[in-house]
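Shown next: my_file-v3.cif, given as mmCIF, C-alpha atoms.
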data_coords
#
loop_
_atom_site.label_atom_id
_atom_site.label_comp_id
_atom_site.auth_asym_id
_atom_site.auth_seq_id
_atom_site.Cartn_x
_atom_site.Cartn_y
_atom_site.Cartn_z
CA MET A 1 30.15 9.03 9.94
CA THR A 2 32.84 6.76 11.39
CA GLU A 3 30.35 5.43 13.89
CA LEU A 4 27.97 4.62 11.04
CA ARG A 5 30.63 2.55 9.33
CA ARG A 6 31.57 0.75 12.51
CA ARG A 7 27.94 -0.30 13.03
CA GLY A 8 27.84 -1.47 9.44
CA ARG A 9 30.64 -4.00 9.99
CA PRO A 10 29.74 -6.04 13.04
CA SER A 11 31.85 -8.91 14.23
CA GLN A 12 28.74 -11.08 14.78
CA PRO A 13 26.09 -12.12 12.26
CA GLU A 14 23.17 -9.70 12.11
CA SER A 15 19.49 -10.45 12.30
CA GLY A 16 17.11 -9.28 9.58
CA THR A 17 15.88 -6.50 11.84
CA GLN A 18 19.42 -5.25 12.47
CA LYS A 19 20.21 -5.29 8.75
CA GLY A 20 17.01 -3.41 7.99
CA ALA A 21 17.78 -0.78 10.63
CA GLN A 22 21.32 -0.42 9.28
CA ALA A 23 20.05 0.04 5.72
CA LEU A 24 17.55 2.65 6.89
CA GLU A 25 20.25 4.45 8.83
CA ARG A 26 22.51 4.53 5.78
CA GLY A 27 19.67 5.67 3.52
CA ILE A 28 18.95 8.59 5.85
CA ALA A 29 22.65 9.41 5.90
CA ILE A 30 22.65 9.58 2.09
CA LEU A 31 19.67 11.94 2.05
CA GLN A 32 21.31 14.13 4.69
CA TYR A 33 24.54 14.20 2.69
CA LEU A 34 22.72 15.19 -0.50
CA ALA A 35 20.97 18.00 1.38
CA GLN A 36 24.30 19.28 2.71
CA ALA A 37 25.86 18.97 -0.74
CA GLY A 38 23.29 21.28 -2.28
CA GLY A 39 20.89 18.60 -3.46
CA SER A 40 23.11 16.52 -5.74
CA SER A 41 26.32 14.47 -5.82
CA SER A 42 28.04 11.61 -7.59
CA VAL A 43 27.88 8.06 -6.29
CA THR A 44 31.65 8.09 -5.79
CA ASP A 45 31.58 11.20 -3.62
CA ILE A 46 28.68 9.84 -1.60
CA ALA A 47 30.43 6.52 -0.98
CA GLU A 48 33.73 8.17 -0.03
CA SER A 49 32.14 10.79 2.22
CA LEU A 50 30.04 8.23 4.09
CA GLU A 51 32.83 5.61 4.04
CA LEU A 52 30.59 3.03 2.41
CA PRO A 53 31.45 0.43 -0.25
CA LEU A 54 30.61 1.66 -3.73
CA SER A 55 28.35 -1.33 -4.41
CA THR A 56 26.43 -0.79 -1.16
CA THR A 57 26.01 2.90 -1.91
CA PHE A 58 24.68 2.21 -5.39
CA ARG A 59 22.22 -0.38 -4.06
CA LEU A 60 20.90 2.09 -1.47
CA LEU A 61 20.60 4.80 -4.12
CA LYS A 62 18.45 2.50 -6.26
CA VAL A 63 16.16 1.78 -3.28
CA LEU A 64 15.78 5.51 -2.63
CA GLU A 65 15.17 6.07 -6.33
CA ASN A 66 12.37 3.49 -6.37
CA ALA A 67 10.74 5.40 -3.49
CA ASP A 68 11.06 8.63 -5.51
CA PHE A 69 13.28 10.21 -2.84
CA ILE A 70 16.11 10.74 -5.35
CA TYR A 71 16.69 10.52 -9.10
CA GLN A 72 19.70 10.22 -11.42
CA ASP A 73 20.20 12.64 -14.29
CA SER A 74 20.90 11.10 -17.69
CA GLN A 75 23.84 13.32 -18.62
CA LEU A 76 26.30 13.41 -15.70
CA GLY A 77 24.92 10.44 -13.83
CA TRP A 78 24.73 12.46 -10.62
CA TRP A 79 22.10 11.78 -8.00
CA HIS A 80 19.64 14.51 -6.98
CA VAL A 81 17.06 14.98 -4.23
CA GLY A 82 13.69 13.87 -5.62
CA LEU A 83 10.01 14.64 -5.34
CA GLY A 84 9.46 12.17 -2.50
CA VAL A 85 11.55 14.32 -0.18
CA PHE A 86 9.50 17.34 -1.15
CA ASN A 87 6.26 15.49 -0.38
CA VAL A 88 7.48 14.58 3.10
CA GLY A 89 8.59 18.16 3.70
CA ALA A 90 5.30 19.48 2.37
CA ALA A 91 3.41 17.39 4.92
CA TYR A 92 5.50 18.91 7.69
CA ILE A 93 4.98 22.42 6.32
CA HIS A 94 1.25 21.74 6.05
CA ASN A 95 1.11 20.89 9.75
CA ARG A 96 3.09 24.02 10.52
CA ASP A 97 0.61 26.02 8.41
CA VAL A 98 -2.27 24.67 10.47
CA LEU A 99 -0.53 25.78 13.65
CA SER A 100 0.37 29.22 12.32
CA VAL A 101 -3.22 29.81 11.17
CA ALA A 102 -4.64 28.41 14.40
CA ALA A 103 -2.35 30.37 16.76
CA PRO A 104 -4.51 33.50 17.29
CA PHE A 105 -7.67 31.38 17.59
CA MET A 106 -5.95 29.14 20.15
CA ARG A 107 -5.12 32.19 22.24
CA ARG A 108 -8.67 33.49 22.06
CA LEU A 109 -10.03 30.08 23.04
CA MET A 110 -7.62 29.83 25.96
CA LEU A 111 -8.63 33.24 27.29
CA LEU A 112 -12.37 32.64 26.85
CA SER A 113 -12.40 29.12 28.27
CA GLY A 114 -9.70 29.51 30.90
CA GLU A 115 -8.33 26.07 29.92
CA THR A 116 -5.30 24.71 28.10
CA VAL A 117 -5.77 24.52 24.32
CA ASN A 118 -4.34 21.69 22.21
CA VAL A 119 -4.01 20.92 18.50
CA ALA A 120 -3.52 17.33 17.37
CA ILE A 121 -3.27 15.45 14.09
CA ARG A 122 -3.88 11.81 13.25
CA ASN A 123 -0.88 9.59 12.69
CA GLY A 124 -1.98 6.06 11.86
CA GLY A 125 -4.09 4.78 14.73
CA GLU A 126 -3.24 7.57 17.17
CA ALA A 127 -3.68 11.29 17.68
CA VAL A 128 -0.42 13.23 18.07
CA LEU A 129 -0.19 16.52 19.93
CA ILE A 130 1.55 19.11 17.73
CA GLY A 131 0.57 22.37 19.43
CA GLN A 132 -0.42 23.59 22.88
CA LEU A 133 -1.16 26.83 24.66
CA GLU A 134 -1.27 26.47 28.43
CA CYS A 135 -3.90 28.33 30.40
CA GLN A 136 -3.04 30.81 33.13
CA SER A 137 -4.57 28.87 36.03
CA MET A 138 -2.36 27.55 38.79
CA VAL A 139 -3.87 24.10 38.26
CA ARG A 140 -3.76 23.16 34.61
CA MET A 141 -3.53 20.08 32.46
CA CYS A 142 -0.79 19.79 29.83
CA ALA A 143 1.22 17.15 27.99
CA PRO A 144 4.52 17.26 26.06
CA LEU A 145 4.35 17.99 22.34
CA GLY A 146 4.52 14.76 20.43
CA SER A 147 2.42 12.92 23.00
CA ARG A 148 0.27 10.20 21.47
CA LEU A 149 -3.38 9.77 22.37
CA PRO A 150 -5.82 6.93 21.63
CA LEU A 151 -8.33 7.85 18.96
CA HIS A 152 -11.27 6.24 20.74
CA ALA A 153 -10.48 7.49 24.25
CA SER A 154 -9.44 11.12 23.98
CA GLY A 155 -11.13 14.36 23.01
CA ALA A 156 -8.86 15.15 20.09
CA GLY A 157 -8.84 11.51 19.03
CA LYS A 158 -12.61 11.24 18.81
CA ALA A 159 -12.79 14.57 16.97
CA LEU A 160 -10.47 13.06 14.35
CA LEU A 161 -12.58 9.89 14.25
CA TYR A 162 -16.17 11.04 13.84
CA PRO A 163 -15.81 12.73 10.42
CA LEU A 164 -14.52 9.44 8.92
CA ILE A 165 -16.75 7.30 6.77
CA GLU A 166 -17.96 4.03 8.31
CA GLU A 167 -15.44 1.88 6.42
CA GLU A 168 -12.44 3.94 7.55
CA LEU A 169 -13.71 4.06 11.11
CA MET A 170 -14.17 0.30 11.34
CA ASP A 171 -10.80 -0.36 9.73
CA LEU A 172 -9.07 1.79 12.35
CA ILE A 173 -10.94 0.17 15.22
CA VAL A 174 -10.09 -3.32 13.98
CA LYS A 175 -6.42 -2.37 13.80
CA THR A 176 -6.14 -0.48 17.09
CA GLY A 177 -8.78 -2.14 19.26
CA LEU A 178 -10.76 -0.46 22.02
CA LYS A 179 -8.44 -0.57 25.01
CA SER A 180 -9.83 0.58 28.37
CA PHE A 181 -7.84 3.28 30.15
CA THR A 182 -10.36 4.25 32.83
CA PRO A 183 -13.84 3.14 33.88
CA GLY A 184 -15.15 5.89 31.59
CA THR A 185 -13.46 4.61 28.41
CA LEU A 186 -15.93 3.74 25.66
CA ALA A 187 -14.53 0.27 25.03
CA ASP A 188 -17.80 -1.04 23.61
CA LEU A 189 -18.16 -0.51 19.86
CA ASN A 190 -21.87 0.32 19.98
CA GLN A 191 -21.33 2.86 22.76
CA LEU A 192 -18.48 4.45 20.85
CA LYS A 193 -20.44 4.68 17.58
CA LYS A 194 -23.41 6.21 19.42
CA ASP A 195 -21.09 8.77 21.05
CA LEU A 196 -19.44 9.64 17.73
CA HIS A 197 -22.84 10.07 16.07
CA LEU A 198 -23.96 12.46 18.81
CA SER A 199 -20.66 14.32 18.54
CA SER A 200 -21.12 14.69 14.79
CA GLU A 201 -24.59 16.18 15.26
CA ARG A 202 -23.48 18.82 17.79
CA GLY A 203 -20.05 19.49 16.27
CA TYR A 204 -17.87 18.66 19.26
CA VAL A 205 -16.84 15.67 21.35
CA ILE A 206 -16.62 15.24 25.09
CA ASP A 207 -13.94 13.21 26.84
CA SER A 208 -15.17 12.80 30.41
CA GLU A 209 -12.24 11.07 32.13
CA GLU A 210 -12.13 8.53 29.31
CA HIS A 211 -8.33 8.57 28.98
CA VAL A 212 -7.05 9.97 32.28
CA LEU A 213 -8.88 10.07 35.60
CA GLY A 214 -9.56 13.63 36.71
CA LEU A 215 -9.08 15.05 33.20
CA ASN A 216 -11.89 16.28 30.95
CA CYS A 217 -11.55 17.44 27.35
CA ILE A 218 -13.74 18.95 24.67
CA ALA A 219 -12.66 18.90 21.01
CA SER A 220 -13.75 19.64 17.43
CA PRO A 221 -12.26 18.79 14.03
CA ILE A 222 -10.50 21.28 11.79
CA TYR A 223 -11.04 21.03 8.02
CA ASP A 224 -8.87 22.25 5.14
CA SER A 225 -10.06 23.99 1.98
CA THR A 226 -11.08 20.67 0.40
CA GLY A 227 -13.21 19.59 3.35
CA ASN A 228 -10.78 17.00 4.68
CA VAL A 229 -10.05 16.77 8.39
CA VAL A 230 -6.48 17.92 9.01
CA ALA A 231 -6.41 18.38 12.78
CA ALA A 232 -8.46 18.70 15.94
CA ILE A 233 -8.54 21.49 18.48
CA SER A 234 -9.38 20.79 22.10
CA ILE A 235 -9.44 22.24 25.57
CA SER A 236 -8.43 20.16 28.57
CA GLY A 237 -8.70 20.77 32.28
CA PRO A 238 -9.28 19.16 35.66
CA ASN A 239 -12.77 17.80 36.15
CA SER A 240 -13.11 20.01 39.22
CA ARG A 241 -13.14 23.05 36.94
CA LEU A 242 -14.08 21.72 33.50
CA THR A 243 -17.31 20.30 34.85
CA ALA A 244 -20.25 18.63 33.12
CA GLU A 245 -22.30 21.81 33.67
CA ARG A 246 -19.88 23.67 31.39
CA PHE A 247 -19.71 21.05 28.63
CA ALA A 248 -22.44 22.58 26.45
CA SER A 249 -21.25 26.20 26.56
CA LEU A 250 -17.58 25.30 26.19
CA GLY A 251 -18.42 22.76 23.50
CA GLU A 252 -20.05 25.47 21.40
CA LEU A 253 -17.02 27.68 21.96
CA VAL A 254 -14.62 24.95 20.81
CA ARG A 255 -16.85 24.11 17.84
CA ASP A 256 -17.03 27.74 16.72
CA THR A 257 -13.26 28.11 17.11
CA ALA A 258 -12.70 25.06 14.92
CA LYS A 259 -15.04 26.55 12.31
CA ASP A 260 -13.10 29.82 12.36
CA ILE A 261 -9.80 28.00 11.85
CA SER A 262 -11.30 25.90 9.04
CA ALA A 263 -12.54 29.08 7.34
CA ALA A 264 -9.09 30.63 7.71
CA LEU A 265 -7.64 27.53 6.01
CA GLY A 266 -9.95 28.14 3.06
CA LEU A 267 -13.05 26.04 3.81
CA ASN A 268 -15.94 27.67 1.98
CA THR A 269 -18.68 25.10 2.52
CA PRO A 270 -20.13 23.89 5.82
CA ALA A 271 -18.04 21.10 7.35
CA ARG A 272 -19.75 17.77 7.18
#

Let me see whether you can do it: turn the structure in this file into structure tokens.
Amino acid sequence: MTELRRRGRPSQPESGTQKGAQALERGIAILQYLAQAGGSSSVTDIAESLELPLSTTFRLLKVLENADFIYQDSQLGWWHVGLGVFNVGAAYIHNRDVLSVAAPFMRRLMLLSGETVNVAIRNGGEAVLIGQLECQSMVRMCAPLGSRLPLHASGAGKALLYPLIEEELMDLIVKTGLKSFTPGTLADLNQLKKDLHLSSERGYVIDSEEHVLGLNCIASPIYDSTGNVVAAISISGPNSRLTAERFASLGELVRDTAKDISAALGLNTPAR
């Protein structure tokens, strides 16, 4: 924590961005300290342990309290981990639940398709890869977990897009734009909307070298028990093997796999 304090007392005036980053860093340090302390502590102990001024510590605690990350009990005045932290953790656990439920279906899909299987979620205006099972072929397509993909120009991204209502879809497109990555990218709004409509009707999307030259993908959305899209499952492979002639048969396989995962997550009604 010494390094934290040293950064908090610069010899030169700080910009607003630097001050904001420092406050965020200190706020995270407080949450980490509370977690290590069993979930609660006094403001004095927090300030002394993190080597922060008491006034600064109290101000940061009030900010965290307003965000519902911590709360102060009325009797001892100690600070405790709050519901906001639970909500963040629950979101992480929810993603882990999707992966744990999807795992056996991912393996079956990999064996039946012969291609790498991916699971992605939407984070803002991007799709984020959270799970992957590489195929057994010598030539295979894979990306590091945490990789970010454009929603309009990737298989998983379009699978997360097409279930959205028109207003949400347009809001995302306005914010992110339709950047071209390859000659195959659907950078025209009308083309993209037509493609998403077709994808919705058949239950799977096709990414034919729209994001990366030489790479084809097929994807379908995964729904939770309430009918909301929580993830997308896709297969990806070189266009020399995942050819246009295989799109229909593999698309049905991916679609059916997504339906099986959705059912395992508790979806009782047909996905929209």

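When CA of Ser249 (chain A) is paired with CA of Ile222 (chain A), their separation reads 18.9 Å.
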
**OP:** Name all residues at most 12 Å from region 78-84 of chain A (count only C-alpha atoms; drop same-chain ones fewer than 2 positions away) and give them as an MDAnalysis selection string.
**Re:** chainID A and resid 30:46 57:58 60:62 64:76 86:91

If the PyMOL selection byres ((chain A and resi 203) around 10) is run on the structure shown, which residues does it catch, given as a CSV table (one decimal) with C-alpha atoms, in the coordinates of the input?
chain,number,residue,atom,x,y,z
A,159,ALA,CA,-12.8,14.6,17.0
A,162,TYR,CA,-16.2,11.0,13.8
A,163,PRO,CA,-15.8,12.7,10.4
A,196,LEU,CA,-19.4,9.6,17.7
A,197,HIS,CA,-22.8,10.1,16.1
A,198,LEU,CA,-24.0,12.5,18.8
A,199,SER,CA,-20.7,14.3,18.5
A,200,SER,CA,-21.1,14.7,14.8
A,201,GLU,CA,-24.6,16.2,15.3
A,202,ARG,CA,-23.5,18.8,17.8
A,204,TYR,CA,-17.9,18.7,19.3
A,205,VAL,CA,-16.8,15.7,21.4
A,219,ALA,CA,-12.7,18.9,21.0
A,220,SER,CA,-13.8,19.6,17.4
A,221,PRO,CA,-12.3,18.8,14.0
A,251,GLY,CA,-18.4,22.8,23.5
A,252,GLU,CA,-20.0,25.5,21.4
A,254,VAL,CA,-14.6,25.0,20.8
A,255,ARG,CA,-16.8,24.1,17.8
A,256,ASP,CA,-17.0,27.7,16.7
A,258,ALA,CA,-12.7,25.1,14.9
A,259,LYS,CA,-15.0,26.6,12.3
A,271,ALA,CA,-18.0,21.1,7.4
A,272,ARG,CA,-19.8,17.8,7.2

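Counting from CA of Ile261 (chain A), the distance to CA of Val229 (chain A) is 11.8 Å.
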
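Evaluating the PyMOL selection byres ((chain A and resi 114) around 12) against the shown model yields A:Met106, A:Arg107, A:Arg108, A:Leu109, A:Met110, A:Leu111, A:Leu112, A:Ser113, A:Glu115, A:Thr116, A:Val117, A:Leu133, A:Glu134, A:Cys135, A:Gln136, A:Ser137, A:Met138, A:Val139, A:Arg140, A:Met141, A:Ile235, A:Ser236, A:Gly237, A:Pro238, A:Arg241, A:Leu242, A:Arg246, A:Leu250, A:Leu253.
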
Original post:
Care to translate the PyMOL selection byres ((chain A and resi 213) around 10) into actual residues of this file, as number ranges by chain?
Top reply: A: 181-184, 208-212, 214-216, 238-239

Any chance you can output those residues with C-alpha atoms as a CSV table (one decimal), keeping the file's coordinate frame?
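Final file, out-v6.csv:
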chain,number,residue,atom,x,y,z
A,181,PHE,CA,-7.8,3.3,30.2
A,182,THR,CA,-10.4,4.2,32.8
A,183,PRO,CA,-13.8,3.1,33.9
A,184,GLY,CA,-15.2,5.9,31.6
A,208,SER,CA,-15.2,12.8,30.4
A,209,GLU,CA,-12.2,11.1,32.1
A,210,GLU,CA,-12.1,8.5,29.3
A,211,HIS,CA,-8.3,8.6,29.0
A,212,VAL,CA,-7.0,10.0,32.3
A,214,GLY,CA,-9.6,13.6,36.7
A,215,LEU,CA,-9.1,15.0,33.2
A,216,ASN,CA,-11.9,16.3,31.0
A,238,PRO,CA,-9.3,19.2,35.7
A,239,ASN,CA,-12.8,17.8,36.2

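What separates CA of Ala244 (chain A) from CA of Ile206 (chain A) is a distance of 9.4 Å.
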
Subject >> Residue list as a PyMOL selection string for point (-8.3, 19.8, 8.3), cut-off 12 Å, all atoms listed in the file >> reply: chain A and resi 94-95+97-99+101-102+119-122+159-160+163+220-233+258-267+271-272

Please identify all polymer residues within 8 Å of region 172-178 of chain A, counting all atoms listed in the file, omitting same-chain residues fewer than 6 positions from it, and present them as a PDB file with C-alpha atoms, in the frame of the given file.
ATOM      1  CA  GLY A 125      -4.090   4.780  14.730  1.00  0.00           C
ATOM      2  CA  HIS A 152     -11.270   6.240  20.740  1.00  0.00           C
ATOM      3  CA  LEU A 186     -15.930   3.740  25.660  1.00  0.00           C
ATOM      4  CA  ALA A 187     -14.530   0.270  25.030  1.00  0.00           C
ATOM      5  CA  ASP A 188     -17.800  -1.040  23.610  1.00  0.00           C
ATOM      6  CA  LEU A 189     -18.160  -0.510  19.860  1.00  0.00           C
TER       7      LEU A 189
END

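Nearest to Ala143 (chain A) of all the residues A:Asn123, A:Asn118, A:Glu25, A:Gly157 is A:Asn118, based on all atoms listed in the file.
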